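Structure first, then comments.
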Amino acid sequence: MDQVSTSLRTEHLHWNGSLSMTYTRLRGNIGGLTGFGTTGSTFSAGAGVRPNEALNFYGNLPNYPPFEAKLWVTGEMPWGFRGGMFASLSVGNYFTPTFQIGPRFRFQAADFTLHDDGLFSGVTGQTMLLEDRGNRNYPAHTNVDLRLERGFSVPGFNVVVTGDLFNAFASDAIVERNLTINDQAVLDPTSIFAAPRRRVNPIALQLGMRIEF
């Protein structure tokens, strides 16, 4: 694992800010110390027990961005308001197309004869990587969150009204796809290979209030 990180922070009388950037290069064959579930989406005994899951299993590991930058700024605004912004840039996580062994498919020998289905009963459900691990990655995406608040003084305590706008520019970047090529169902468009399964959380406005004694 190689990782380089840098950060810059500045503080002033009326505003503060920070910027951080991180580059990560994580290559290997297991996603954690246990090594379980690193090929498919369900529990797996690992490539040491299941040779099929050892195919192409060394490469860029998933579930982390190879590059990420974060910017945070907050400060005082006119008419007693205080505002803040949090912006992030993330280069998409690595992923790999997979094939899951199942009874929906027949397997063909080198001489084009079909293998008996019973030969594969012991490996049903195992998932194979069809390309080198992590040879693809999701596109980079950005996100901006905004915050605005204002305090009011009343006898005995202060009231602070807050408003948070998440995903202010309504990014709909895809952060998860269907990676199994043989999962397709006729009436389910999400089952097609590379079909979007999850996007960045949609734009949302959250209002709040707190009381300070």
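Every chain in the structure tokens has a letter given in the order shown (A, B, ...), and although residue numbers restart at 1 in each chain, ligands are simply numbered from 1 in the order shown.
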What's around region 110-122 of chain A at 12 Å? Count only C-alpha atoms, leave out sequence neighbours fewer than 4 positions away in its own chain, and write the answer as a JSON list (two decimals) with N, CA, C and O atoms, in the first residue's frame.
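Here's the written file part.json:
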```
[["chain", "number", "residue", "atom", "x", "y", "z"],
["A", 50, "ARG", "N", -11.28, -21.70, -2.52],
["A", 50, "ARG", "CA", -12.01, -21.76, -3.78],
["A", 50, "ARG", "C", -11.09, -21.32, -4.92],
["A", 50, "ARG", "O", -10.96, -20.12, -5.19],
["A", 52, "ASN", "N", -11.46, -21.21, -8.03],
["A", 52, "ASN", "CA", -12.10, -20.38, -9.06],
["A", 52, "ASN", "C", -12.00, -18.90, -8.72],
["A", 52, "ASN", "O", -11.90, -18.05, -9.61],
["A", 100, "GLN", "N", -20.78, -15.42, -12.06],
["A", 100, "GLN", "CA", -21.16, -16.29, -10.95],
["A", 100, "GLN", "C", -21.62, -17.64, -11.48],
["A", 100, "GLN", "O", -22.52, -17.72, -12.33],
["A", 101, "ILE", "N", -21.00, -18.70, -11.01],
["A", 101, "ILE", "CA", -21.35, -20.06, -11.44],
["A", 101, "ILE", "C", -22.73, -20.41, -10.91],
["A", 101, "ILE", "O", -23.00, -20.29, -9.72],
["A", 102, "GLY", "N", -23.61, -20.83, -11.81],
["A", 102, "GLY", "CA", -24.98, -21.15, -11.42],
["A", 102, "GLY", "C", -25.63, -22.11, -12.39],
["A", 102, "GLY", "O", -25.10, -22.38, -13.47],
["A", 103, "PRO", "N", -26.80, -22.63, -12.04],
["A", 103, "PRO", "CA", -27.48, -23.62, -12.88],
["A", 103, "PRO", "C", -28.12, -23.05, -14.14],
["A", 103, "PRO", "O", -28.63, -23.81, -14.96],
["A", 104, "ARG", "N", -28.09, -21.73, -14.31],
["A", 104, "ARG", "CA", -28.71, -21.13, -15.49],
["A", 104, "ARG", "C", -27.89, -21.35, -16.75],
["A", 104, "ARG", "O", -28.36, -21.12, -17.86],
["A", 105, "PHE", "N", -26.63, -21.80, -16.59],
["A", 105, "PHE", "CA", -25.74, -21.89, -17.73],
["A", 105, "PHE", "C", -25.16, -23.30, -17.84],
["A", 105, "PHE", "O", -24.94, -23.98, -16.84],
["A", 106, "ARG", "N", -24.89, -23.71, -19.09],
["A", 106, "ARG", "CA", -24.19, -24.96, -19.36],
["A", 106, "ARG", "C", -22.73, -24.63, -19.68],
["A", 106, "ARG", "O", -22.43, -23.61, -20.28],
["A", 126, "GLN", "N", -20.11, -19.70, -6.60],
["A", 126, "GLN", "CA", -18.79, -19.08, -6.58],
["A", 126, "GLN", "C", -18.68, -18.03, -7.70],
["A", 126, "GLN", "O", -19.27, -18.17, -8.76]]
```
### Message
Residues near Glu212 (chain A), anyone? I mean within 10 Å using only C-alpha atoms, not counting same-chain ones fewer than 5 positions away, as a ChimeraX atom specification.
### Response
/A:151,153,156-160
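What separates CA of Met209 (chain A) from CA of Leu71 (chain A) is a distance of 25.4 Å.
Distance check against Ile30 (chain A) using only C-alpha atoms: of A:Leu61, A:Leu55, A:Val161, A:Val73, the minimum falls on A:Leu61.
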### Query
Using the chain letters and numbers from this document, which residues of region 70-118 of chain A does DSSP assign to strand (DSSP E), as a list in words?
Lys70, Leu71, Trp72, Val73, Thr74, Gly75, Glu76, Phe81, Arg82, Gly83, Gly84, Met85, Phe86, Ala87, Ser88, Leu89, Ser90, Tyr94, Phe95, Thr98, Phe99 and Gln100 of chain A
Just write the chosen residues, C-alpha atoms, as a PDB file, in the first residue's frame.
```pdb
ATOM      1  CA  LYS A  70     -11.744  17.858   0.325  1.00  0.00           C
ATOM      2  CA  LEU A  71     -12.270  21.584   0.840  1.00  0.00           C
ATOM      3  CA  TRP A  72     -13.970  23.120   3.877  1.00  0.00           C
ATOM      4  CA  VAL A  73     -14.648  26.831   4.348  1.00  0.00           C
ATOM      5  CA  THR A  74     -16.708  28.605   7.012  1.00  0.00           C
ATOM      6  CA  GLY A  75     -17.054  32.232   7.986  1.00  0.00           C
ATOM      7  CA  GLU A  76     -19.190  35.159   9.010  1.00  0.00           C
ATOM      8  CA  PHE A  81     -25.464  34.985   9.313  1.00  0.00           C
ATOM      9  CA  ARG A  82     -22.697  32.409   9.358  1.00  0.00           C
ATOM     10  CA  GLY A  83     -22.133  30.110   6.397  1.00  0.00           C
ATOM     11  CA  GLY A  84     -20.054  27.135   5.428  1.00  0.00           C
ATOM     12  CA  MET A  85     -19.212  24.962   2.442  1.00  0.00           C
ATOM     13  CA  PHE A  86     -17.842  21.450   2.195  1.00  0.00           C
ATOM     14  CA  ALA A  87     -16.733  20.309  -1.275  1.00  0.00           C
ATOM     15  CA  SER A  88     -15.182  17.007  -2.253  1.00  0.00           C
ATOM     16  CA  LEU A  89     -13.685  15.458  -5.378  1.00  0.00           C
ATOM     17  CA  SER A  90     -13.336  11.693  -5.576  1.00  0.00           C
ATOM     18  CA  TYR A  94     -11.993   0.331  -8.766  1.00  0.00           C
ATOM     19  CA  PHE A  95     -14.234  -2.525  -9.912  1.00  0.00           C
ATOM     20  CA  THR A  98     -17.534 -11.000 -12.528  1.00  0.00           C
ATOM     21  CA  PHE A  99     -19.227 -14.258 -13.488  1.00  0.00           C
ATOM     22  CA  GLN A 100     -21.158 -16.290 -10.948  1.00  0.00           C
TER      23      GLN A 100
END
```
### Summary
Using only C-alpha atoms, the best pick from A:Ile211, A:Ala185, A:Met1, A:Ala173 as closest to Pro155 (chain A) would be A:Ile211
#### Entry: Test item, helix (DSSP H, G or I) assignment across chain A, answer as a list in words
Pro51, Asn52, Glu53, Ala54, Pro78, Trp79, Gly80, Asp117, Gly118, Leu119, Phe120, Ser121, Gly122, Val123, Pro189, Thr190 and Ser191 of chain A
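If only C-alpha atoms are the atoms counted, then among A:Gln184, A:Thr190, A:Gln108, A:Asn143 the closest residue to Ala170 (chain A) is A:Asn143.
You will find CA of Phe57 (chain A) at 21.7 Å from CA of Val175 (chain A).
Shortest separation to Trp79 (chain A) among A:Pro65, A:Thr124, A:Val91, A:Glu149 occurs at residue A:Glu149, atoms counted being only C-alpha atoms.
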Exercise: Arg133 (chain A) partners within 12 Å, only C-alpha atoms, chain neighbours under 4 positions left out, as a short mmCIF file (atom, residue, chain, number, x, y, z; two decimals) with N, CA, C and O atoms, in the first residue's frame:
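Final output, saved to selection-v4.cif:
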```cif
data_model
loop_
_atom_site.label_atom_id
_atom_site.label_comp_id
_atom_site.auth_asym_id
_atom_site.auth_seq_id
_atom_site.Cartn_x
_atom_site.Cartn_y
_atom_site.Cartn_z
N LEU A 26 -3.46 0.93 -3.53
CA LEU A 26 -3.65 -0.27 -2.71
C LEU A 26 -3.85 -1.47 -3.63
O LEU A 26 -4.88 -1.60 -4.28
N ARG A 27 -2.83 -2.31 -3.69
CA ARG A 27 -2.88 -3.50 -4.55
C ARG A 27 -2.71 -4.75 -3.70
O ARG A 27 -1.98 -4.75 -2.70
N GLY A 28 -3.38 -5.81 -4.11
CA GLY A 28 -3.30 -7.06 -3.38
C GLY A 28 -4.35 -8.04 -3.85
O GLY A 28 -4.88 -7.92 -4.96
N ASN A 29 -4.67 -9.00 -2.98
CA ASN A 29 -5.65 -10.01 -3.37
C ASN A 29 -6.75 -10.19 -2.33
O ASN A 29 -7.64 -11.01 -2.52
N ILE A 30 -6.70 -9.47 -1.22
CA ILE A 30 -7.78 -9.53 -0.25
C ILE A 30 -8.12 -8.11 0.19
O ILE A 30 -7.27 -7.23 0.20
N GLY A 31 -9.39 -7.91 0.51
CA GLY A 31 -9.85 -6.59 0.88
C GLY A 31 -9.67 -6.27 2.35
O GLY A 31 -9.92 -5.16 2.78
N THR A 38 -14.18 -11.27 -0.78
CA THR A 38 -13.44 -10.30 -1.57
C THR A 38 -13.72 -10.43 -3.06
O THR A 38 -13.29 -9.60 -3.83
N THR A 39 -14.42 -11.48 -3.47
CA THR A 39 -14.71 -11.66 -4.89
C THR A 39 -16.17 -11.37 -5.18
O THR A 39 -16.50 -10.57 -6.03
N GLU A 53 -12.04 -18.58 -7.44
CA GLU A 53 -12.00 -17.18 -7.03
C GLU A 53 -10.58 -16.63 -7.00
O GLU A 53 -10.38 -15.44 -6.72
N ALA A 54 -9.59 -17.46 -7.31
CA ALA A 54 -8.21 -16.99 -7.39
C ALA A 54 -7.87 -16.47 -8.79
O ALA A 54 -6.79 -15.89 -8.98
N LEU A 55 -8.77 -16.65 -9.76
CA LEU A 55 -8.51 -16.16 -11.10
C LEU A 55 -8.49 -14.63 -11.11
O LEU A 55 -9.43 -13.98 -10.66
N ASN A 56 -7.41 -14.06 -11.60
CA ASN A 56 -7.27 -12.60 -11.73
C ASN A 56 -7.42 -11.86 -10.40
O ASN A 56 -7.77 -10.68 -10.39
N PHE A 57 -7.15 -12.54 -9.28
CA PHE A 57 -7.52 -11.95 -8.00
C PHE A 57 -6.49 -10.95 -7.46
O PHE A 57 -6.72 -10.34 -6.43
N TYR A 58 -5.38 -10.74 -8.14
CA TYR A 58 -4.40 -9.75 -7.68
C TYR A 58 -4.53 -8.47 -8.50
O TYR A 58 -4.56 -8.51 -9.74
N GLY A 59 -4.61 -7.35 -7.83
CA GLY A 59 -4.70 -6.07 -8.55
C GLY A 59 -5.13 -4.96 -7.64
O GLY A 59 -4.92 -5.00 -6.42
N ASN A 60 -5.75 -3.95 -8.21
CA ASN A 60 -6.22 -2.80 -7.45
C ASN A 60 -7.46 -3.19 -6.65
O ASN A 60 -8.45 -3.63 -7.22
N LEU A 61 -7.41 -3.01 -5.34
CA LEU A 61 -8.51 -3.43 -4.48
C LEU A 61 -9.64 -2.42 -4.53
O LEU A 61 -9.42 -1.21 -4.70
N PRO A 62 -10.88 -2.88 -4.35
CA PRO A 62 -12.05 -1.99 -4.45
C PRO A 62 -12.32 -1.26 -3.14
O PRO A 62 -11.60 -1.39 -2.14
N ASN A 93 -14.03 4.49 -7.27
CA ASN A 93 -13.44 3.24 -6.81
C ASN A 93 -13.20 2.28 -7.97
O ASN A 93 -13.85 2.34 -9.01
N TYR A 94 -12.27 1.36 -7.77
CA TYR A 94 -11.99 0.33 -8.77
C TYR A 94 -13.07 -0.76 -8.73
O TYR A 94 -13.67 -1.03 -7.68
N PHE A 95 -13.32 -1.38 -9.88
CA PHE A 95 -14.23 -2.53 -9.91
C PHE A 95 -13.83 -3.47 -11.04
O PHE A 95 -13.02 -3.12 -11.91
N THR A 96 -14.41 -4.68 -11.02
CA THR A 96 -14.06 -5.72 -11.97
C THR A 96 -15.31 -6.50 -12.37
O THR A 96 -16.09 -6.88 -11.49
N PRO A 97 -15.53 -6.77 -13.65
CA PRO A 97 -16.65 -7.63 -14.05
C PRO A 97 -16.48 -9.04 -13.51
O PRO A 97 -15.36 -9.56 -13.43
N THR A 98 -17.58 -9.66 -13.11
CA THR A 98 -17.53 -11.00 -12.53
C THR A 98 -18.53 -11.93 -13.21
O THR A 98 -19.48 -11.50 -13.86
N MET A 128 -16.23 -15.60 -10.17
CA MET A 128 -14.91 -15.48 -10.79
C MET A 128 -14.72 -14.07 -11.34
O MET A 128 -15.65 -13.49 -11.92
N LEU A 129 -13.53 -13.53 -11.18
CA LEU A 129 -13.18 -12.25 -11.79
C LEU A 129 -12.82 -12.49 -13.26
O LEU A 129 -11.97 -13.32 -13.56
N ASN A 137 -12.56 1.61 -13.22
CA ASN A 137 -12.96 2.39 -12.05
C ASN A 137 -14.12 3.32 -12.43
O ASN A 137 -14.29 3.68 -13.60
#
```
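For the set A:Ser18, A:Asp164, A:Arg177, A:Ala204, the residue with the smallest atom-to-atom gap to Ser191 (chain A) is A:Arg177, counting only C-alpha atoms.
Taking CA of Gly80 (chain A) and CA of Leu205 (chain A) as endpoints, the distance between them is 21.1 Å.
Using only C-alpha atoms, the protein and nucleic acid residues lying no more than 10 Å from Phe67 (chain A), apart from those fewer than 6 places from it along its own chain, are Gln3, Val4, Ser5, Met21, Thr22, Tyr23, Thr24, Arg25, Leu89, Ser90, Val91, Gly92, Asn93 and Ala140 of chain A.
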Take the residues that were just selected and, keeping N, CA, C and O atoms, output them as a JSON list (two decimals), in the first residue's frame.
```
[["chain", "number", "residue", "atom", "x", "y", "z"],
["A", 3, "GLN", "N", 0.52, 5.52, 0.10],
["A", 3, "GLN", "CA", -0.43, 6.61, 0.32],
["A", 3, "GLN", "C", 0.34, 7.90, 0.59],
["A", 3, "GLN", "O", 1.28, 7.93, 1.38],
["A", 4, "VAL", "N", -0.09, 8.96, -0.10],
["A", 4, "VAL", "CA", 0.49, 10.28, 0.09],
["A", 4, "VAL", "C", -0.65, 11.24, 0.39],
["A", 4, "VAL", "O", -1.64, 11.28, -0.34],
["A", 5, "SER", "N", -0.51, 11.97, 1.48],
["A", 5, "SER", "CA", -1.58, 12.88, 1.88],
["A", 5, "SER", "C", -0.99, 14.22, 2.26],
["A", 5, "SER", "O", 0.10, 14.29, 2.85],
["A", 21, "MET", "N", -5.73, 16.61, 0.41],
["A", 21, "MET", "CA", -5.67, 15.77, -0.79],
["A", 21, "MET", "C", -4.95, 14.47, -0.43],
["A", 21, "MET", "O", -3.93, 14.50, 0.26],
["A", 22, "THR", "N", -5.50, 13.37, -0.92],
["A", 22, "THR", "CA", -4.93, 12.06, -0.60],
["A", 22, "THR", "C", -4.88, 11.19, -1.85],
["A", 22, "THR", "O", -5.88, 11.04, -2.56],
["A", 23, "TYR", "N", -3.70, 10.65, -2.12],
["A", 23, "TYR", "CA", -3.52, 9.66, -3.19],
["A", 23, "TYR", "C", -3.22, 8.32, -2.55],
["A", 23, "TYR", "O", -2.37, 8.20, -1.66],
["A", 24, "THR", "N", -3.94, 7.29, -2.99],
["A", 24, "THR", "CA", -3.78, 5.96, -2.41],
["A", 24, "THR", "C", -3.59, 4.93, -3.52],
["A", 24, "THR", "O", -4.34, 4.91, -4.49],
["A", 25, "ARG", "N", -2.59, 4.08, -3.33],
["A", 25, "ARG", "CA", -2.37, 2.97, -4.25],
["A", 25, "ARG", "C", -2.37, 1.69, -3.42],
["A", 25, "ARG", "O", -1.44, 1.41, -2.67],
["A", 89, "LEU", "N", -13.94, 16.06, -4.06],
["A", 89, "LEU", "CA", -13.68, 15.46, -5.38],
["A", 89, "LEU", "C", -13.15, 14.07, -5.14],
["A", 89, "LEU", "O", -12.19, 13.88, -4.38],
["A", 90, "SER", "N", -13.76, 13.07, -5.77],
["A", 90, "SER", "CA", -13.34, 11.69, -5.58],
["A", 90, "SER", "C", -13.21, 11.00, -6.92],
["A", 90, "SER", "O", -14.15, 11.02, -7.73],
["A", 91, "VAL", "N", -12.03, 10.42, -7.19],
["A", 91, "VAL", "CA", -11.87, 9.56, -8.36],
["A", 91, "VAL", "C", -12.48, 8.21, -8.00],
["A", 91, "VAL", "O", -12.20, 7.65, -6.94],
["A", 92, "GLY", "N", -13.35, 7.71, -8.86],
["A", 92, "GLY", "CA", -14.16, 6.55, -8.52],
["A", 92, "GLY", "C", -13.39, 5.31, -8.12],
["A", 92, "GLY", "O", -12.26, 5.08, -8.55],
["A", 93, "ASN", "N", -14.03, 4.49, -7.27],
["A", 93, "ASN", "CA", -13.44, 3.24, -6.81],
["A", 93, "ASN", "C", -13.20, 2.28, -7.97],
["A", 93, "ASN", "O", -13.85, 2.34, -9.01],
["A", 140, "ALA", "N", -14.86, 10.00, -11.92],
["A", 140, "ALA", "CA", -14.71, 10.94, -10.82],
["A", 140, "ALA", "C", -16.01, 11.72, -10.63],
["A", 140, "ALA", "O", -16.77, 11.96, -11.57]]
```
### Query
Which one of A:Ile203, A:Leu13, A:Met77, A:Leu19 sits closest to Asp172 (chain A) if you count only C-alpha atoms?
A:Ile203
